[in-house]
Amino acid sequence: RTQNCCGKSLRVAAAHLHLLRATGYITSHHTHSLSLSACLSMSGEPSSSSSAAAPAVGGVAGRCDDGGVTMIEKRYGCRSWLPSFVPQWFRFVLCFSWFLVSVALVLVMSVFLLPRIRWRARLVKLFMLIFAPSVFSLYGVRIHAKGLEHRGSLKGRRSVIYLANHSSTLDFVTCSRVLSTGTIAVAKKALLFHPLGWVAWLNGTIFIDRSNREKAIKSMNSIGKKLTKHGLSICVFPEGTRSKDGRLQPFKKGAMHLAMQTGCPIVPVVFNGAHKIWGKYGYRIACNAEPIRMTFLPPIDTKNWTAESLEEHTKELHGLFVKHLDEEARPLKQE
């Protein structure tokens, strides 16, 4: 009985610790010695490294060895509690209803955060903490992220530029849930007409008109000041749009120009398996599919980049993604 009581207390404490870290009020530096896996182990339950353990909705943290290098990893999501015969439209109605409720809650809370951009930069993370559990539990979406030690930090004013391959409609959920608090994004202007765009706009997301190159460049140039002044990070999909078949597309240079201007390090974020769950077209989401694998690669220093070397750096980054992607997600070789 005493062991059960201690186990429950440890799990509650670990859950509170995760919530504080996710919202940015404490950092991994302050909780280096407090591991959720350790708490679960002390309570007599299997750790995140056990293949039989089902990851919790909020996430289970741990460490893994990759070629002799210790990497911080975390698992998000869970298998769906709904039977397999439940139709897609029913899942969609439930999920979309909770999505609208989540948007309304965050918009109300945003009134108290409007004065300062560093406060508002937490909105998307807050929104995803409320909304993402519905996606996880209704569709059985799971994320296995590793290399989390390479993320930026809003509290530590450590700005980074995340570059991610864009292969799925779920990329917004996975990025918003796993990337560091205080991360803004670059999105197409049409998203402003969607409730999600309202939250993203309050969060500091930059919307660009892809049909007007001059305006798009001007919008990108305004981002650099936000990053360096407020300690924000930014997520950019260098391909410009979602892949039709999950394969990596050529990179545009907008994010590389931003890195050169700000001197912020680039952190490549490689997704594998996301396109199998929800591709570019349609509304059907594969339920209880294999977890999405999300890998944060070591930061790339950009302080010595020049306009003349951007072409070479862009090719190197593209090759780095190709190296870490599954064969089915790599570009087809040109004959």
# chains A, B, ... in the order shown; residues from 1 in each chain; ligands from 1

$ residues_around --residues "region 142-147 of chain A" --least-positions-apart "2" --cutoff "7 Å" --atoms "only C-alpha atoms" --output "JSON, numbers by chain"
{"A": [71, 72, 73, 74, 75, 76, 77, 78, 136, 140, 149, 150, 291, 292, 293, 294, 295, 296, 297]}

$ write_last_selection --atoms "N, CA, C and O atoms" --output "tab-separated table (two decimals), in the first residue's frame"
chain	number	residue	atom	x	y	z
A	71	MET	N	21.36	10.99	-26.35
A	71	MET	CA	20.36	11.93	-26.84
A	71	MET	C	19.13	11.88	-25.94
A	71	MET	O	18.74	10.82	-25.46
A	72	ILE	N	18.55	13.05	-25.69
A	72	ILE	CA	17.31	13.11	-24.92
A	72	ILE	C	16.15	12.79	-25.85
A	72	ILE	O	16.03	13.37	-26.93
A	73	GLU	N	15.33	11.85	-25.45
A	73	GLU	CA	14.18	11.48	-26.27
A	73	GLU	C	12.90	11.59	-25.45
A	73	GLU	O	12.92	11.58	-24.22
A	74	LYS	N	11.79	11.69	-26.16
A	74	LYS	CA	10.49	11.80	-25.49
A	74	LYS	C	9.42	11.23	-26.40
A	74	LYS	O	9.47	11.41	-27.62
A	75	ARG	N	8.46	10.57	-25.80
A	75	ARG	CA	7.36	9.98	-26.55
A	75	ARG	C	6.06	10.70	-26.20
A	75	ARG	O	5.76	10.91	-25.02
A	76	TYR	N	5.31	11.06	-27.22
A	76	TYR	CA	4.04	11.75	-27.04
A	76	TYR	C	2.92	10.89	-27.63
A	76	TYR	O	3.15	10.11	-28.55
A	77	GLY	N	1.70	11.09	-27.13
A	77	GLY	CA	0.55	10.44	-27.70
A	77	GLY	C	0.25	9.08	-27.09
A	77	GLY	O	0.89	8.64	-26.14
A	78	CYS	N	-0.74	8.42	-27.64
A	78	CYS	CA	-1.17	7.12	-27.14
A	78	CYS	C	-2.00	6.43	-28.22
A	78	CYS	O	-2.39	7.07	-29.21
A	136	PHE	N	-4.41	12.73	-30.37
A	136	PHE	CA	-3.74	11.52	-29.93
A	136	PHE	C	-4.75	10.42	-29.57
A	136	PHE	O	-4.61	9.27	-30.00
A	140	GLY	N	-5.10	7.89	-32.34
A	140	GLY	CA	-3.97	7.04	-31.97
A	140	GLY	C	-2.66	7.52	-32.54
A	140	GLY	O	-1.77	6.72	-32.83
A	149	GLU	N	17.75	17.85	-26.81
A	149	GLU	CA	18.73	18.76	-26.20
A	149	GLU	C	19.16	19.86	-27.17
A	149	GLU	O	19.77	20.86	-26.75
A	150	HIS	N	18.83	19.71	-28.46
A	150	HIS	CA	19.23	20.70	-29.47
A	150	HIS	C	18.20	21.82	-29.64
A	150	HIS	O	18.43	22.73	-30.44
A	291	PRO	N	4.39	5.07	-34.85
A	291	PRO	CA	4.70	6.43	-34.38
A	291	PRO	C	5.48	7.25	-35.41
A	291	PRO	O	6.28	6.72	-36.18
A	292	ILE	N	5.21	8.54	-35.41
A	292	ILE	CA	5.99	9.48	-36.22
A	292	ILE	C	7.35	9.65	-35.56
A	292	ILE	O	7.44	9.89	-34.35
A	293	ARG	N	8.41	9.49	-36.33
A	293	ARG	CA	9.76	9.65	-35.79
A	293	ARG	C	10.27	11.05	-36.11
A	293	ARG	O	10.35	11.43	-37.28
A	294	MET	N	10.61	11.77	-35.07
A	294	MET	CA	11.01	13.18	-35.19
A	294	MET	C	12.42	13.33	-34.60
A	294	MET	O	12.62	13.10	-33.40
A	295	THR	N	13.38	13.68	-35.43
A	295	THR	CA	14.77	13.74	-35.00
A	295	THR	C	15.33	15.14	-35.11
A	295	THR	O	15.30	15.75	-36.19
A	296	PHE	N	15.82	15.67	-33.98
A	296	PHE	CA	16.49	16.98	-33.96
A	296	PHE	C	17.98	16.73	-34.15
A	296	PHE	O	18.62	16.10	-33.31
A	297	LEU	N	18.53	17.25	-35.24
A	297	LEU	CA	19.96	17.10	-35.50
A	297	LEU	C	20.74	18.23	-34.82
A	297	LEU	O	20.16	19.27	-34.48

$ residues_around --residues "Ala274 (chain A)" --least-positions-apart "4" --cutoff "8 Å" --atoms "only C-alpha atoms" --output "MDAnalysis selection string"
chainID A and resid 167:168 170:171 278:279 292:293

$ write_last_selection --atoms "C-alpha atoms" --output "compact mmCIF listing (two decimals), in the first residue's frame"
# COMPACT_ATOMS: atom_id res chain seq x y z
CA SER A 167 5.33 15.79 -45.64
CA SER A 168 2.03 15.76 -43.74
CA LEU A 170 -0.09 16.72 -39.14
CA ASP A 171 3.20 18.63 -39.21
CA TRP A 278 -2.12 11.89 -43.13
CA GLY A 279 -0.82 13.03 -46.49
CA ILE A 292 5.99 9.48 -36.22
CA ARG A 293 9.76 9.65 -35.79

$ closest_residue --among "A:Leu82, A:Ile277, A:Ala329, A:Val106" --to "Ser137 (chain A)" --atoms "only C-alpha atoms"
A:Leu82

$ select_by_dssp --residues "region 112-211 of chain A" --states "strand (DSSP E or B)" --output "MDAnalysis selection string"
chainID A and resid 142:146 153 158 161:164 183:188 206:208

$ closest_residue --among "A:Ile208, A:Val186, A:Ala200, A:Val160" --to "Asp301 (chain A)" --atoms "only C-alpha atoms"
A:Val160

$ residues_around --residues "Gln261 (chain A)" --least-positions-apart "4" --cutoff "9 Å" --atoms "only C-alpha atoms" --output "PyMOL selection string"
chain A and resi 221+224+256-257+303+305

$ select_by_dssp --residues "region 217-331 of chain A" --states "helix (DSSP H, G or I)" --output "PyMOL selection string"
chain A and resi 217-230+254-262+274-277+307-324+327-329

$ write_last_selection --atoms "N, CA and C atoms" --output "compact mmCIF listing (two decimals), in the first residue's frame"
# COMPACT_ATOMS: atom_id res chain seq x y z
N ILE A 217 9.49 38.66 -49.41
CA ILE A 217 10.85 38.96 -48.95
C ILE A 217 10.82 39.99 -47.82
N LYS A 218 9.97 41.00 -47.96
CA LYS A 218 9.85 42.03 -46.92
C LYS A 218 9.38 41.42 -45.60
N SER A 219 8.43 40.49 -45.69
CA SER A 219 7.93 39.83 -44.48
C SER A 219 9.02 38.99 -43.83
N MET A 220 9.80 38.30 -44.63
CA MET A 220 10.88 37.48 -44.10
C MET A 220 11.95 38.34 -43.42
N ASN A 221 12.22 39.51 -43.99
CA ASN A 221 13.23 40.40 -43.42
C ASN A 221 12.81 40.93 -42.05
N SER A 222 11.50 41.04 -41.82
CA SER A 222 11.02 41.57 -40.54
C SER A 222 11.15 40.56 -39.41
N ILE A 223 11.35 39.30 -39.77
CA ILE A 223 11.41 38.26 -38.74
C ILE A 223 12.69 38.35 -37.92
N GLY A 224 13.80 38.68 -38.58
CA GLY A 224 15.09 38.70 -37.91
C GLY A 224 15.10 39.54 -36.65
N LYS A 225 14.46 40.70 -36.69
CA LYS A 225 14.42 41.59 -35.52
C LYS A 225 13.69 40.95 -34.35
N LYS A 226 12.61 40.22 -34.66
CA LYS A 226 11.84 39.56 -33.59
C LYS A 226 12.68 38.50 -32.90
N LEU A 227 13.41 37.74 -33.68
CA LEU A 227 14.20 36.65 -33.11
C LEU A 227 15.27 37.17 -32.17
N THR A 228 16.05 38.13 -32.65
CA THR A 228 17.18 38.62 -31.86
C THR A 228 16.75 39.50 -30.69
N LYS A 229 15.67 40.24 -30.85
CA LYS A 229 15.23 41.16 -29.79
C LYS A 229 14.52 40.44 -28.66
N HIS A 230 13.70 39.44 -28.99
CA HIS A 230 12.85 38.80 -27.98
C HIS A 230 13.28 37.38 -27.63
N GLY A 254 14.95 31.01 -48.61
CA GLY A 254 14.46 32.02 -47.67
C GLY A 254 14.98 31.83 -46.25
N ALA A 255 14.91 30.60 -45.76
CA ALA A 255 15.37 30.32 -44.39
C ALA A 255 16.87 30.50 -44.27
N MET A 256 17.62 30.20 -45.33
CA MET A 256 19.08 30.36 -45.29
C MET A 256 19.45 31.85 -45.24
N HIS A 257 18.71 32.67 -45.98
CA HIS A 257 18.93 34.12 -45.91
C HIS A 257 18.67 34.63 -44.49
N LEU A 258 17.60 34.13 -43.87
CA LEU A 258 17.26 34.53 -42.51
C LEU A 258 18.37 34.13 -41.54
N ALA A 259 18.91 32.93 -41.71
CA ALA A 259 20.00 32.47 -40.84
C ALA A 259 21.24 33.32 -41.02
N MET A 260 21.52 33.70 -42.26
CA MET A 260 22.69 34.54 -42.53
C MET A 260 22.53 35.92 -41.89
N GLN A 261 21.32 36.50 -41.96
CA GLN A 261 21.07 37.82 -41.41
C GLN A 261 21.15 37.86 -39.89
N THR A 262 20.61 36.83 -39.25
CA THR A 262 20.51 36.83 -37.78
C THR A 262 21.69 36.15 -37.10
N ALA A 274 5.32 10.46 -41.11
CA ALA A 274 4.14 11.31 -40.94
C ALA A 274 3.20 11.22 -42.13
N HIS A 275 3.76 11.15 -43.34
CA HIS A 275 2.92 11.13 -44.54
C HIS A 275 2.07 9.87 -44.65
N LYS A 276 2.47 8.81 -43.97
CA LYS A 276 1.69 7.58 -43.99
C LYS A 276 0.41 7.72 -43.17
N ILE A 277 0.41 8.62 -42.21
CA ILE A 277 -0.76 8.81 -41.35
C ILE A 277 -1.75 9.78 -41.98
N ALA A 307 26.44 35.59 -48.67
CA ALA A 307 25.51 35.46 -49.79
C ALA A 307 26.08 34.54 -50.86
N GLU A 308 27.40 34.56 -51.01
CA GLU A 308 28.03 33.73 -52.04
C GLU A 308 28.00 32.24 -51.68
N SER A 309 27.94 31.94 -50.39
CA SER A 309 28.01 30.53 -49.97
C SER A 309 26.64 29.91 -49.70
N LEU A 310 25.57 30.70 -49.85
CA LEU A 310 24.24 30.21 -49.53
C LEU A 310 23.83 29.01 -50.39
N GLU A 311 24.17 29.06 -51.66
CA GLU A 311 23.81 27.96 -52.56
C GLU A 311 24.44 26.65 -52.08
N GLU A 312 25.69 26.72 -51.70
CA GLU A 312 26.39 25.53 -51.23
C GLU A 312 25.80 25.02 -49.91
N HIS A 313 25.50 25.96 -48.98
CA HIS A 313 24.92 25.56 -47.69
C HIS A 313 23.53 24.94 -47.87
N THR A 314 22.77 25.46 -48.82
CA THR A 314 21.43 24.92 -49.08
C THR A 314 21.53 23.48 -49.57
N LYS A 315 22.49 23.21 -50.46
CA LYS A 315 22.68 21.86 -50.96
C LYS A 315 23.13 20.91 -49.85
N GLU A 316 24.01 21.42 -48.98
CA GLU A 316 24.50 20.59 -47.87
C GLU A 316 23.36 20.22 -46.93
N LEU A 317 22.50 21.19 -46.64
CA LEU A 317 21.36 20.92 -45.75
C LEU A 317 20.40 19.92 -46.38
N HIS A 318 20.16 20.08 -47.66
CA HIS A 318 19.27 19.14 -48.36
C HIS A 318 19.85 17.73 -48.30
N GLY A 319 21.16 17.62 -48.51
CA GLY A 319 21.81 16.32 -48.44
C GLY A 319 21.76 15.72 -47.05
N LEU A 320 21.80 16.58 -46.02
CA LEU A 320 21.72 16.11 -44.64
C LEU A 320 20.35 15.49 -44.36
N PHE A 321 19.31 16.12 -44.88
CA PHE A 321 17.96 15.57 -44.71
C PHE A 321 17.84 14.24 -45.43
N VAL A 322 18.35 14.19 -46.66
CA VAL A 322 18.27 12.95 -47.44
C VAL A 322 18.93 11.80 -46.69
N LYS A 323 20.04 12.10 -46.05
CA LYS A 323 20.79 11.08 -45.30
C LYS A 323 19.98 10.49 -44.16
N HIS A 324 19.16 11.32 -43.50
CA HIS A 324 18.43 10.87 -42.31
C HIS A 324 16.98 10.47 -42.59
N GLU A 327 14.19 5.52 -46.97
CA GLU A 327 14.35 5.41 -48.41
C GLU A 327 13.11 5.90 -49.16
N GLU A 328 11.94 5.60 -48.64
CA GLU A 328 10.69 5.96 -49.31
C GLU A 328 10.40 7.47 -49.28
N ALA A 329 11.12 8.21 -48.44
CA ALA A 329 10.91 9.66 -48.35
C ALA A 329 12.00 10.45 -49.05

$ residues_around --residues "Ser102 (chain A)" --least-positions-apart "3" --cutoff "7 Å" --atoms "only C-alpha atoms" --output "tab-separated table (two decimals) with N, CA, C and O atoms, in the first residue's frame"
chain	number	residue	atom	x	y	z
A	98	TRP	N	-13.69	19.79	-30.42
A	98	TRP	CA	-12.74	20.15	-29.36
A	98	TRP	C	-11.73	21.19	-29.86
A	98	TRP	O	-11.26	22.03	-29.09
A	99	PHE	N	-11.42	21.15	-31.16
A	99	PHE	CA	-10.55	22.15	-31.76
A	99	PHE	C	-11.15	23.55	-31.61
A	99	PHE	O	-10.47	24.50	-31.20
A	105	LEU	N	-10.94	29.00	-25.99
A	105	LEU	CA	-10.27	29.14	-24.70
A	105	LEU	C	-8.98	29.95	-24.81
A	105	LEU	O	-8.70	30.83	-23.99
A	106	VAL	N	-8.18	29.64	-25.84
A	106	VAL	CA	-6.90	30.33	-26.02
A	106	VAL	C	-7.11	31.80	-26.39
A	106	VAL	O	-6.39	32.68	-25.93
A	127	PHE	N	-2.14	26.28	-26.71
A	127	PHE	CA	-3.23	25.73	-27.51
A	127	PHE	C	-3.02	24.25	-27.78
A	127	PHE	O	-3.96	23.44	-27.67
A	130	ILE	N	-3.78	21.86	-25.00
A	130	ILE	CA	-5.22	21.63	-24.82
A	130	ILE	C	-5.78	20.76	-25.95
A	130	ILE	O	-6.56	19.84	-25.71
A	131	PHE	N	-5.36	21.03	-27.19
A	131	PHE	CA	-5.97	20.38	-28.35
A	131	PHE	C	-5.35	19.03	-28.71
A	131	PHE	O	-6.05	18.08	-29.08

$ closest_residue --among "A:Thr70, A:Thr181, A:Asn272, A:Ser153" --to "Leu248 (chain A)" --atoms "only C-alpha atoms"
A:Asn272

$ atom_distance --atom1 "CA of Glu290 (chain A)" --atom2 "CA of Tyr139 (chain A)"
11.6 Å

$ atom_distance --atom1 "CA of Ser233 (chain A)" --atom2 "CA of Arg213 (chain A)"
23.5 Å

$ closest_residue --among "A:Lys215, A:Lys253, A:Arg116, A:Lys188" --to "Leu163 (chain A)" --atoms "only C-alpha atoms"
A:Lys253

$ closest_residue --among "A:Ala216, A:Leu325, A:Ala164, A:Ile285" --to "Val267 (chain A)" --atoms "only C-alpha atoms"
A:Ala164

$ atom_distance --atom1 "CA of Ile206 (chain A)" --atom2 "CA of Asp245 (chain A)"
26.8 Å
